[in-house]
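Next comes work.txt, with compact mmCIF, C-alpha atoms and all ligand atoms.
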# COMPACT_ATOMS: atom_id res chain seq x y z
CA MET A 1 -29.55 -12.61 23.34
CA LYS A 2 -31.89 -9.69 23.52
CA LYS A 3 -32.18 -7.91 20.26
CA SER A 4 -34.00 -4.81 19.27
CA ILE A 5 -35.73 -4.77 15.96
CA ILE A 6 -36.28 -1.47 14.34
CA VAL A 7 -38.77 -1.32 11.56
CA MET A 8 -38.54 1.54 9.17
CA SER A 9 -41.15 4.19 9.69
CA LEU A 10 -42.79 6.33 7.07
CA LEU A 11 -40.70 9.29 8.13
CA TYR A 12 -37.61 7.23 7.63
CA MET A 13 -38.68 6.39 4.10
CA MET A 14 -39.11 10.04 3.30
CA LEU A 15 -35.65 10.74 4.58
CA LEU A 16 -34.31 7.96 2.45
CA SER A 17 -35.74 9.41 -0.69
CA ALA A 18 -33.34 12.27 -0.15
CA CYS A 19 -30.34 10.01 0.00
CA ASN A 20 -30.66 7.71 -2.94
CA PRO A 21 -27.51 7.07 -4.89
CA ILE A 22 -27.12 9.05 -8.02
CA ARG A 23 -26.18 7.36 -11.24
CA VAL A 24 -25.29 9.13 -14.37
CA PRO A 25 -26.14 7.01 -17.39
CA LYS A 26 -24.01 7.89 -20.37
CA SER A 27 -27.07 8.80 -22.40
CA ARG A 28 -27.87 11.53 -19.92
CA MET A 29 -24.37 12.85 -19.60
CA ASP A 30 -25.13 16.29 -20.87
CA HIS A 31 -28.31 16.83 -19.02
CA ARG A 32 -29.00 18.15 -15.63
CA MET A 33 -30.37 15.43 -13.44
CA ASP A 34 -32.40 15.51 -10.33
CA ALA A 35 -31.51 13.27 -7.45
CA THR A 36 -34.18 10.63 -7.98
CA PRO A 37 -33.12 7.57 -9.91
CA THR A 38 -36.06 6.07 -11.75
CA ASP A 39 -35.01 2.47 -11.91
CA VAL A 40 -34.83 1.56 -8.23
CA ILE A 41 -36.86 -1.26 -6.71
CA PRO A 42 -38.59 0.01 -3.54
CA THR A 43 -37.27 -1.76 -0.47
CA LYS A 44 -37.69 -1.82 3.28
CA SER A 45 -35.18 -2.94 5.84
CA GLU A 46 -35.13 -4.34 9.32
CA TRP A 47 -31.88 -3.97 11.25
CA ARG A 48 -30.87 -6.10 14.20
CA ILE A 49 -28.22 -5.04 16.65
CA GLU A 50 -27.82 -5.72 20.35
CA ASP A 51 -29.07 -3.17 22.88
CA HIS A 52 -26.46 -0.63 23.98
CA PRO A 53 -23.62 -1.77 21.74
CA ASN A 54 -20.21 -0.68 22.96
CA ALA A 55 -17.28 0.89 21.17
CA ASN A 56 -14.11 -1.15 20.55
CA LYS A 57 -15.93 -4.45 20.63
CA GLU A 58 -16.96 -6.68 17.73
CA ILE A 59 -20.67 -6.05 17.24
CA PRO A 60 -22.73 -8.47 15.16
CA ILE A 61 -25.27 -6.67 12.99
CA SER A 62 -27.77 -8.04 10.52
CA LEU A 63 -30.28 -6.54 8.18
CA LEU A 64 -33.23 -7.98 6.38
CA ILE A 65 -34.16 -6.57 2.98
CA LYS A 66 -37.86 -6.77 2.21
CA ASP A 67 -40.24 -5.60 -0.44
CA GLU A 68 -43.10 -3.22 0.20
CA SER A 69 -45.36 -6.05 1.34
CA ASN A 70 -42.72 -7.13 3.89
CA LYS A 71 -41.64 -10.21 1.95
CA PRO A 72 -37.88 -10.76 2.03
CA PHE A 73 -36.15 -10.55 -1.33
CA GLN A 74 -34.59 -13.90 -2.22
CA SER A 75 -31.91 -12.97 -4.69
CA PHE A 76 -29.65 -10.05 -5.31
CA ASP A 77 -27.45 -9.08 -8.22
CA THR A 78 -23.71 -9.14 -7.78
CA VAL A 79 -22.60 -5.57 -8.43
CA HIS A 80 -18.92 -4.74 -8.33
CA GLU A 81 -18.22 -8.27 -7.17
CA LYS A 82 -20.52 -8.11 -4.12
CA LYS A 83 -24.19 -8.55 -3.31
CA MET A 84 -24.04 -5.72 -0.80
CA HIS A 85 -21.74 -2.78 -0.17
CA LEU A 86 -22.03 -1.21 3.25
CA PHE A 87 -20.54 2.04 4.45
CA ILE A 88 -20.23 3.21 8.02
CA PHE A 89 -19.93 6.92 8.78
CA SER A 90 -19.62 8.63 12.12
CA LYS A 91 -21.96 11.59 12.43
CA ASP A 92 -19.13 14.08 11.98
CA LEU A 93 -17.89 11.98 9.00
CA ALA A 94 -14.48 11.60 10.64
CA TYR A 95 -14.84 7.82 10.56
CA PHE A 96 -15.47 5.87 7.36
CA SER A 97 -15.53 2.16 6.68
CA HIS A 98 -16.50 0.14 3.60
CA ILE A 99 -17.43 -3.48 4.19
CA HIS A 100 -19.23 -6.34 2.48
CA PRO A 101 -21.81 -8.17 4.58
CA ASN A 102 -22.35 -11.87 4.00
CA TYR A 103 -25.55 -12.97 2.38
CA LYS A 104 -27.27 -15.51 4.62
CA GLY A 105 -30.20 -16.17 2.29
CA ASN A 106 -33.85 -15.26 2.64
CA GLY A 107 -33.10 -11.52 2.40
CA GLU A 108 -30.71 -11.44 5.32
CA PHE A 109 -27.21 -9.95 5.36
CA ALA A 110 -24.87 -10.08 8.32
CA PHE A 111 -21.53 -8.62 9.38
CA THR A 112 -19.58 -7.71 12.47
CA THR A 113 -17.78 -4.46 13.02
CA LYS A 114 -15.93 -2.55 15.70
CA PHE A 115 -16.86 1.09 16.23
CA PRO A 116 -13.84 3.22 17.21
CA ALA A 117 -15.60 5.39 19.82
CA GLY A 118 -18.97 6.14 21.35
CA GLY A 119 -21.45 8.24 19.38
CA ASP A 120 -23.83 8.07 16.45
CA TYR A 121 -22.99 6.22 13.27
CA MET A 122 -24.85 5.79 10.03
CA LEU A 123 -24.87 2.39 8.40
CA LEU A 124 -25.63 2.71 4.72
CA SER A 125 -26.15 -0.35 2.54
CA GLU A 126 -26.34 -0.55 -1.21
CA PHE A 127 -27.68 -3.58 -3.07
CA THR A 128 -29.75 -4.50 -6.11
CA PRO A 129 -32.59 -6.99 -5.73
CA LYS A 130 -32.67 -9.24 -8.77
CA GLY A 131 -34.33 -7.48 -11.68
CA GLY A 132 -33.55 -4.02 -10.39
CA GLY A 133 -31.71 -1.45 -12.44
CA ASP A 134 -30.11 1.04 -10.11
CA PRO A 135 -29.08 -0.06 -6.64
CA SER A 136 -31.38 0.42 -3.69
CA VAL A 137 -30.11 2.07 -0.52
CA GLU A 138 -31.14 1.32 3.04
CA SER A 139 -29.62 3.21 5.92
CA HIS A 140 -29.82 3.09 9.67
CA TRP A 141 -28.44 5.14 12.55
CA VAL A 142 -26.92 3.35 15.52
CA GLN A 143 -25.88 4.79 18.84
CA ILE A 144 -22.70 3.33 20.27
CA ALA A 145 -21.95 3.50 23.97
CA GLY A 146 -18.49 4.43 25.16
CA LYS A 147 -16.09 7.30 25.36
CA THR A 148 -16.89 9.82 22.66
CA VAL A 149 -14.43 11.89 20.71
CA LYS A 150 -15.19 15.54 20.23
CA GLU A 151 -17.04 16.08 16.96
CA LYS A 152 -14.91 17.91 14.49
CA PRO A 153 -16.61 20.48 12.29
CA LEU A 154 -16.31 19.62 8.63
CA ILE A 155 -14.07 22.26 7.08
CA PRO A 156 -13.38 22.23 3.34
CA ASP A 157 -9.77 21.39 2.52
CA ARG A 158 -7.79 24.42 1.36
CA LYS A 159 -5.44 22.24 -0.60
CA LEU A 160 -6.79 19.23 -2.46
CA THR A 161 -3.59 17.21 -2.17
CA LYS A 162 -3.02 14.58 0.48
CA VAL A 163 -0.45 11.96 1.27
CA VAL A 164 -1.89 8.60 2.30
CA ASP A 165 0.10 5.35 2.68
CA GLY A 166 3.02 6.76 0.69
CA LYS A 167 0.81 7.97 -2.14
CA LYS A 168 0.32 11.61 -3.04
CA VAL A 169 -3.24 12.12 -4.22
CA THR A 170 -4.62 15.28 -5.79
CA LEU A 171 -8.31 15.86 -6.32
CA SER A 172 -9.41 18.17 -9.11
CA PHE A 173 -12.61 19.08 -10.92
CA ASP A 174 -13.07 20.31 -14.45
CA GLU A 175 -15.79 22.52 -13.07
CA LEU A 176 -17.43 22.07 -9.70
CA MET A 177 -21.04 23.11 -9.35
CA ALA A 178 -24.19 21.61 -7.82
CA GLY A 179 -26.84 20.13 -10.09
CA MET A 180 -24.61 19.50 -13.07
CA THR A 181 -22.46 16.63 -14.25
CA VAL A 182 -18.97 17.09 -12.91
CA HIS A 183 -15.77 15.25 -13.64
CA MET A 184 -13.90 14.47 -10.48
CA ASN A 185 -10.26 13.50 -11.03
CA PHE A 186 -7.92 11.77 -8.63
CA THR A 187 -4.28 11.98 -9.70
CA ILE A 188 -1.96 9.63 -7.87
CA SER A 189 1.81 9.66 -7.57
CA ASP A 190 4.38 8.05 -5.35
CA ALA A 191 4.94 10.46 -2.46
CA ALA A 192 8.64 9.67 -2.10
CA SER A 193 9.73 9.76 -5.74
CA ASN A 194 6.97 12.01 -7.09
CA GLN A 195 6.61 9.55 -9.99
CA PRO A 196 3.08 9.02 -11.36
CA ILE A 197 1.59 5.70 -10.32
CA LYS A 198 0.67 3.62 -13.35
CA ASN A 199 0.07 0.25 -11.78
CA LEU A 200 -3.21 0.70 -9.96
CA GLN A 201 -5.19 -2.51 -9.82
CA PRO A 202 -8.91 -2.96 -10.24
CA TYR A 203 -10.60 -2.89 -6.87
CA LEU A 204 -14.03 -4.54 -6.82
CA GLY A 205 -14.15 -4.52 -10.59
CA ALA A 206 -13.27 -0.87 -11.20
CA MET A 207 -10.14 1.27 -11.18
CA GLY A 208 -11.43 2.96 -8.06
CA HIS A 209 -14.45 3.74 -5.98
CA ALA A 210 -15.59 7.02 -4.58
CA VAL A 211 -18.24 7.79 -2.02
CA ALA A 212 -19.47 11.27 -1.23
CA ILE A 213 -21.79 12.34 1.54
CA SER A 214 -23.13 15.75 2.50
CA ASP A 215 -22.20 17.26 5.86
CA ASP A 216 -25.75 16.66 7.15
CA VAL A 217 -25.38 12.95 6.22
CA GLU A 218 -28.47 13.25 4.01
CA LYS A 219 -27.16 13.07 0.48
CA TYR A 220 -25.12 10.10 -0.54
CA LEU A 221 -23.32 9.33 -3.77
CA HIS A 222 -21.45 6.15 -4.69
CA ILE A 223 -19.48 6.75 -7.84
CA HIS A 224 -17.49 4.53 -10.14
CA PRO A 225 -14.93 5.67 -12.68
CA MET A 226 -16.43 6.66 -16.00
CA THR A 227 -13.98 4.77 -18.18
CA THR A 228 -11.11 2.41 -17.99
CA GLU A 229 -8.33 4.87 -18.59
CA GLY A 230 -5.48 2.55 -17.87
CA ASN A 231 -4.06 1.96 -14.44
CA GLY A 232 -3.40 5.50 -13.30
CA PRO A 233 -2.09 8.00 -12.56
CA LYS A 234 -5.43 9.70 -13.21
CA VAL A 235 -8.83 8.20 -12.35
CA THR A 236 -11.88 10.19 -13.38
CA PHE A 237 -15.33 9.88 -11.87
CA MET A 238 -18.47 11.48 -13.17
CA THR A 239 -21.19 12.53 -10.81
CA VAL A 240 -23.81 15.10 -9.88
CA PHE A 241 -23.79 16.81 -6.50
CA PRO A 242 -27.51 17.38 -6.00
CA GLU A 243 -27.25 20.56 -3.94
CA LYS A 244 -24.65 23.09 -2.97
CA GLY A 245 -22.88 22.51 0.31
CA ILE A 246 -20.05 20.75 2.02
CA TYR A 247 -19.38 17.13 1.15
CA LYS A 248 -16.81 14.65 2.27
CA VAL A 249 -15.45 12.42 -0.48
CA TRP A 250 -13.47 9.22 -0.01
CA GLY A 251 -11.58 7.78 -2.95
CA GLN A 252 -10.51 4.14 -2.73
CA PHE A 253 -7.85 2.61 -4.93
CA GLN A 254 -5.68 -0.47 -4.97
CA GLN A 255 -1.98 -0.92 -5.65
CA ASN A 256 0.19 -3.97 -4.95
CA GLY A 257 -2.80 -5.76 -3.47
CA LYS A 258 -3.42 -3.06 -0.88
CA VAL A 259 -6.42 -0.73 -0.80
CA PHE A 260 -5.83 2.87 0.23
CA THR A 261 -8.52 5.38 1.10
CA VAL A 262 -8.09 9.09 0.65
CA PRO A 263 -10.59 11.56 2.09
CA PHE A 264 -11.27 15.13 1.01
CA VAL A 265 -13.73 17.76 2.19
CA ILE A 266 -15.06 19.94 -0.60
CA ASP A 267 -17.38 22.90 -0.86
CA VAL A 268 -19.72 22.51 -3.82
CA PRO A 269 -20.98 25.88 -5.07
CA LYS A 270 -24.41 26.49 -6.47
CU CU B 301 -18.15 -2.30 -1.58

With the file now loaded, output its structure as structure tokens.
Amino acid sequence: MKKSIIVMSLLYMMLLSACNPIRVPKSRMDHRMDATPTDVIPTKSEWRIEDHPNANKEIPISLLIKDESNKPFQSFDTVHEKKMHLFIFSKDLAYFSHIHPNYKGNGEFAFTTKFPAGGDYMLLSEFTPKGGGDPSVESHWVQIAGKTVKEKPLIPDRKLTKVVDGKKVTLSFDELMAGMTVHMNFTISDAASNQPIKNLQPYLGAMGHAVAISDDVEKYLHIHPMTTEGNGPKVTFMTVFPEKGIYKVWGQFQQNGKVFTVPFVIDVPK
């Protein structure tokens, strides 16, 4: 099978520096933070995907994680139960998927996925080579052939309450502002009975996961809950939105063995 290999260019590395994940260590809770984590092992990646992949078809994809001298990393830490977390976003952020590639050894991860329509998608992987502190991020754009859906402009939600899979989820912030530590709360109740949900289950080793990405798909944040506050109905995340602007946030939680994903579009003021 013919495969195209895309090696990361210098320009790509510069772009990546703008989309590192942001961690908020407890010791730095009260401080303003800039978007550059200090404890990240520099990595390079090489992505392999067939030429002209089509929508609605299982597409095998692999990526090789290498160090700066192009040597593949051999071992990776298990973080939140997995060696790699991978997110797929359509360019308009309408489509989101969270998957866990298989580690093949010798720096190589592999997965298959089906893209729902033609268009551009960002693949964003997060992993920690052994000995690293904060996770490294490698991302890659792919162009999928097939019928496209019209891109929807990202409009901030007027009401931060949504019903997903029978759950009513409300997003709230103690104070929302770019460049400062914010507490992001998801409050979850049963949509039919309006009763608070108190039996959330840990999903990948935490009471929930949240991912946020800026509307230009440049700034990415993967956030875990700050504390174990019981099993709902409120799950609080702490994070820093690096710049003002529109972000899409996906919260992921688990109840009765089923994961549900709730998206919100927010406008982060300066
Ligand atoms: Cu994951």

query: For ligand CU 301 (chain B), which residue among A:Val265, A:Val79, A:Met207, A:Ile49 is the nearest when counting all atoms listed in the file?
result: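 Distance minimum relative to ligand CU 301 (chain B) lands on A:Val79.
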
Contacts of Val182 (chain A) at 7 Å (all atoms listed in the file; same-chain gap of 3+ positions) as a short mmCIF file (atom, residue, chain, number, x, y, z; two decimals) with C-alpha atoms, keeping the file's coordinate frame:
data_model
loop_
_atom_site.label_atom_id
_atom_site.label_comp_id
_atom_site.auth_asym_id
_atom_site.auth_seq_id
_atom_site.Cartn_x
_atom_site.Cartn_y
_atom_site.Cartn_z
CA PHE A 173 -12.61 19.08 -10.92
CA ASP A 174 -13.07 20.31 -14.45
CA GLU A 175 -15.79 22.52 -13.07
CA LEU A 176 -17.43 22.07 -9.70
CA MET A 238 -18.47 11.48 -13.17
CA THR A 239 -21.19 12.53 -10.81
CA VAL A 240 -23.81 15.10 -9.88
#

field: Atomic distance CA of Ala145 (chain A) - CA of Ser62 (chain A), expressed in Å with one decimal
entry: 18.7 Å

- request: List all protein, DNA and RNA residues that have an atom no more than 10 Å from any atom of ligand CU 301 (chain B), counting only C-alpha atoms and all ligand atoms, and report them as a ChimeraX atom specification.
  value: /A:79-87,97-101,125-127,203-204,209,222

field: Who sits within 8 Å of Asp215 (chain A), all atoms listed in the file, same chain under 3 positions skipped, as a list in words
entry: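 Surrounding residues, per the criterion: Asp92, Leu93, Leu154, Glu218, Gly245, Ile246, Tyr247 and Lys248 of chain A.
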
- request: Compare A:Thr236, A:Ser136, A:Thr170, A:Thr181 by their minimum atom-to-atom distance to Asp77 (chain A), counting all atoms listed in the file, and give me the closest one.
  value: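 The answer is A:Ser136, which sits nearest to Asp77 (chain A).
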
query: Given the choices A:Val249, A:Ala55, A:Val149, A:Ile41, which gets closest to Glu68 (chain A) if the distance is worked out from all atoms listed in the file?
result: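 Result for the nearest residue to Glu68 (chain A): A:Ile41.
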
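Note that the spacing between CA of Asp51 (chain A) and CA of Lys71 (chain A) amounts to 25.4 Å.
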
task: Would you work out the distance separating CA of His52 (chain A) from CA of Gly119 (chain A), expressed in Å to one decimal?
output: 11.2 Å

- request: Find the spatial neighbours of Gly232 (chain A), counting only C-alpha atoms, within a cut-off of 12 Å - ignore same-chain residues fewer than 2 positions away - and output them as a list of chain:residue names.
  value: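 Once the nearby chain positions are removed, what remains is A:Val169, A:Asn185, A:Phe186, A:Thr187, A:Ile188, A:Ser189, A:Asp190, A:Gln195, A:Pro196, A:Ile197, A:Lys198, A:Asn199, A:Leu200, A:Gln201, A:Pro202, A:Ala206, A:Met207, A:Gly208, A:Pro225, A:Thr227, A:Thr228, A:Glu229, A:Gly230, A:Lys234, A:Val235, A:Thr236, A:Phe253, A:Gln254, A:Gln255.
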
Name the residues within 6 Å of (-33.0, -6.7, 13.3), counting all atoms listed in the file in the file's coordinates, and put them as an mmCIF file with C-alpha atoms, in the frame of the given file.
data_model
loop_
_atom_site.group_PDB
_atom_site.id
_atom_site.type_symbol
_atom_site.label_atom_id
_atom_site.label_comp_id
_atom_site.auth_asym_id
_atom_site.auth_seq_id
_atom_site.Cartn_x
_atom_site.Cartn_y
_atom_site.Cartn_z
ATOM 1 C CA ILE A 5 -35.730 -4.770 15.960
ATOM 2 C CA GLU A 46 -35.130 -4.340 9.320
ATOM 3 C CA TRP A 47 -31.880 -3.970 11.250
ATOM 4 C CA ARG A 48 -30.870 -6.100 14.200
ATOM 5 C CA LEU A 63 -30.280 -6.540 8.180
#

message: My list of candidates is A:Val217, A:Val259, A:Leu171, A:Ala178. Which is closest to Pro233 (chain A) when distances are computed with only C-alpha atoms?
response: A:Leu171

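The closest residue to Asn56 (chain A), picked from A:Thr128, A:Thr113, A:Ser172, A:Ser90 and counting all atoms listed in the file, is A:Thr113.
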
- prompt: Within 8 Å of Gly118 (chain A), counting only C-alpha atoms, which residues qualify if same-chain residues fewer than 2 places away don't, as a ChimeraX atom specification?
  reply: /A:54-55,115-116,120,143-149

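Considering the residues A:Val262, A:Ala210, A:Lys66, A:Phe76 and counting only C-alpha atoms, Asn102 (chain A) has its shortest atom-to-atom contact with A:Phe76.
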
task: Could you give me, as a ChimeraX atom specification, the residues within 9 Å of Asp165 (chain A), counting only C-alpha atoms and dropping anything in the same chain fewer than 3 positions from it?
output: /A:168,191,260-261

Please write region 222-254 of chain A of the preceding block to a file containing N, CA and C atoms, as a PDB file, in the first residue's frame?
ATOM      1  N   HIS A 222      -6.197  20.269  27.719  1.00  0.00           N
ATOM      2  CA  HIS A 222      -6.785  19.018  28.213  1.00  0.00           C
ATOM      3  C   HIS A 222      -6.779  19.135  29.731  1.00  0.00           C
ATOM      4  N   ILE A 223      -7.940  19.039  30.323  1.00  0.00           N
ATOM      5  CA  ILE A 223      -8.080  19.417  31.720  1.00  0.00           C
ATOM      6  C   ILE A 223      -8.684  18.266  32.513  1.00  0.00           C
ATOM      7  N   HIS A 224      -8.132  18.029  33.669  1.00  0.00           N
ATOM      8  CA  HIS A 224      -8.723  17.027  34.554  1.00  0.00           C
ATOM      9  C   HIS A 224      -9.312  17.712  35.779  1.00  0.00           C
ATOM     10  N   PRO A 225     -10.240  17.062  36.444  1.00  0.00           N
ATOM     11  CA  PRO A 225     -10.862  17.702  37.601  1.00  0.00           C
ATOM     12  C   PRO A 225      -9.818  17.980  38.675  1.00  0.00           C
ATOM     13  N   MET A 226     -10.021  19.068  39.402  1.00  0.00           N
ATOM     14  CA  MET A 226      -9.021  19.472  40.381  1.00  0.00           C
ATOM     15  C   MET A 226      -9.027  18.596  41.620  1.00  0.00           C
ATOM     16  N   THR A 227     -10.165  18.070  41.989  1.00  0.00           N
ATOM     17  CA  THR A 227     -10.221  17.246  43.197  1.00  0.00           C
ATOM     18  C   THR A 227     -11.201  16.109  42.964  1.00  0.00           C
ATOM     19  N   THR A 228     -11.165  15.174  43.863  1.00  0.00           N
ATOM     20  CA  THR A 228     -12.211  14.172  43.861  1.00  0.00           C
ATOM     21  C   THR A 228     -13.282  14.738  44.786  1.00  0.00           C
ATOM     22  N   GLU A 229     -14.357  15.176  44.204  1.00  0.00           N
ATOM     23  CA  GLU A 229     -15.388  15.817  45.019  1.00  0.00           C
ATOM     24  C   GLU A 229     -16.580  14.909  45.155  1.00  0.00           C
ATOM     25  N   GLY A 230     -16.356  13.616  45.171  1.00  0.00           N
ATOM     26  CA  GLY A 230     -17.492  12.718  45.166  1.00  0.00           C
ATOM     27  C   GLY A 230     -17.864  12.407  43.732  1.00  0.00           C
ATOM     28  N   ASN A 231     -19.033  11.866  43.555  1.00  0.00           N
ATOM     29  CA  ASN A 231     -19.412  11.337  42.242  1.00  0.00           C
ATOM     30  C   ASN A 231     -20.475  12.194  41.563  1.00  0.00           C
ATOM     31  N   GLY A 232     -20.393  13.467  41.706  1.00  0.00           N
ATOM     32  CA  GLY A 232     -21.345  14.390  41.127  1.00  0.00           C
ATOM     33  C   GLY A 232     -22.167  14.995  42.245  1.00  0.00           C
ATOM     34  N   PRO A 233     -23.098  15.868  41.970  1.00  0.00           N
ATOM     35  CA  PRO A 233     -23.485  16.313  40.625  1.00  0.00           C
ATOM     36  C   PRO A 233     -22.560  17.375  40.025  1.00  0.00           C
ATOM     37  N   LYS A 234     -21.599  17.876  40.844  1.00  0.00           N
ATOM     38  CA  LYS A 234     -20.753  18.948  40.322  1.00  0.00           C
ATOM     39  C   LYS A 234     -19.323  18.446  40.130  1.00  0.00           C
ATOM     40  N   VAL A 235     -18.751  18.698  38.965  1.00  0.00           N
ATOM     41  CA  VAL A 235     -17.353  18.359  38.706  1.00  0.00           C
ATOM     42  C   VAL A 235     -16.646  19.657  38.308  1.00  0.00           C
ATOM     43  N   THR A 236     -15.590  19.966  39.047  1.00  0.00           N
ATOM     44  CA  THR A 236     -14.890  21.235  38.832  1.00  0.00           C
ATOM     45  C   THR A 236     -13.531  20.996  38.188  1.00  0.00           C
ATOM     46  N   PHE A 237     -13.243  21.778  37.187  1.00  0.00           N
ATOM     47  CA  PHE A 237     -11.949  21.728  36.509  1.00  0.00           C
ATOM     48  C   PHE A 237     -11.272  23.076  36.698  1.00  0.00           C
ATOM     49  N   MET A 238      -9.958  23.035  36.767  1.00  0.00           N
ATOM     50  CA  MET A 238      -9.226  24.281  36.891  1.00  0.00           C
ATOM     51  C   MET A 238      -8.333  24.433  35.669  1.00  0.00           C
ATOM     52  N   THR A 239      -8.377  25.583  35.061  1.00  0.00           N
ATOM     53  CA  THR A 239      -7.555  25.760  33.874  1.00  0.00           C
ATOM     54  C   THR A 239      -7.253  27.227  33.627  1.00  0.00           C
ATOM     55  N   VAL A 240      -6.436  27.469  32.612  1.00  0.00           N
ATOM     56  CA  VAL A 240      -6.121  28.830  32.181  1.00  0.00           C
ATOM     57  C   VAL A 240      -6.379  28.906  30.674  1.00  0.00           C
ATOM     58  N   PHE A 241      -7.272  29.773  30.269  1.00  0.00           N
ATOM     59  CA  PHE A 241      -7.424  30.041  28.842  1.00  0.00           C
ATOM     60  C   PHE A 241      -6.356  31.069  28.472  1.00  0.00           C
ATOM     61  N   PRO A 242      -5.431  30.706  27.583  1.00  0.00           N
ATOM     62  CA  PRO A 242      -4.259  31.563  27.387  1.00  0.00           C
ATOM     63  C   PRO A 242      -4.581  32.934  26.779  1.00  0.00           C
ATOM     64  N   GLU A 243      -5.595  32.988  25.951  1.00  0.00           N
ATOM     65  CA  GLU A 243      -5.934  34.265  25.309  1.00  0.00           C
ATOM     66  C   GLU A 243      -7.430  34.397  25.226  1.00  0.00           C
ATOM     67  N   LYS A 244      -7.888  35.638  25.062  1.00  0.00           N
ATOM     68  CA  LYS A 244      -9.324  35.828  24.909  1.00  0.00           C
ATOM     69  C   LYS A 244      -9.767  35.226  23.575  1.00  0.00           C
ATOM     70  N   GLY A 245     -11.031  34.920  23.455  1.00  0.00           N
ATOM     71  CA  GLY A 245     -11.529  34.385  22.209  1.00  0.00           C
ATOM     72  C   GLY A 245     -12.571  33.320  22.428  1.00  0.00           C
ATOM     73  N   ILE A 246     -12.973  32.729  21.306  1.00  0.00           N
ATOM     74  CA  ILE A 246     -14.011  31.708  21.361  1.00  0.00           C
ATOM     75  C   ILE A 246     -13.357  30.329  21.442  1.00  0.00           C
ATOM     76  N   TYR A 247     -13.841  29.530  22.356  1.00  0.00           N
ATOM     77  CA  TYR A 247     -13.335  28.173  22.549  1.00  0.00           C
ATOM     78  C   TYR A 247     -14.507  27.207  22.537  1.00  0.00           C
ATOM     79  N   LYS A 248     -14.242  26.020  22.066  1.00  0.00           N
ATOM     80  CA  LYS A 248     -15.221  24.955  22.244  1.00  0.00           C
ATOM     81  C   LYS A 248     -14.684  24.012  23.316  1.00  0.00           C
ATOM     82  N   VAL A 249     -15.560  23.642  24.220  1.00  0.00           N
ATOM     83  CA  VAL A 249     -15.188  22.788  25.355  1.00  0.00           C
ATOM     84  C   VAL A 249     -16.034  21.520  25.286  1.00  0.00           C
ATOM     85  N   TRP A 250     -15.416  20.386  25.459  1.00  0.00           N
ATOM     86  CA  TRP A 250     -16.160  19.126  25.560  1.00  0.00           C
ATOM     87  C   TRP A 250     -15.899  18.541  26.948  1.00  0.00           C
ATOM     88  N   GLY A 251     -16.949  18.292  27.678  1.00  0.00           N
ATOM     89  CA  GLY A 251     -16.815  17.591  28.950  1.00  0.00           C
ATOM     90  C   GLY A 251     -17.199  16.140  28.720  1.00  0.00           C
ATOM     91  N   GLN A 252     -16.447  15.226  29.325  1.00  0.00           N
ATOM     92  CA  GLN A 252     -16.757  13.799  29.180  1.00  0.00           C
ATOM     93  C   GLN A 252     -16.865  13.162  30.556  1.00  0.00           C
ATOM     94  N   PHE A 253     -17.965  12.471  30.754  1.00  0.00           N
ATOM     95  CA  PHE A 253     -18.252  11.863  32.059  1.00  0.00           C
ATOM     96  C   PHE A 253     -18.802  10.467  31.830  1.00  0.00           C
ATOM     97  N   GLN A 254     -18.816   9.691  32.914  1.00  0.00           N
ATOM     98  CA  GLN A 254     -19.326   8.325  32.792  1.00  0.00           C
ATOM     99  C   GLN A 254     -20.346   8.029  33.883  1.00  0.00           C
TER     100      GLN A 254
END
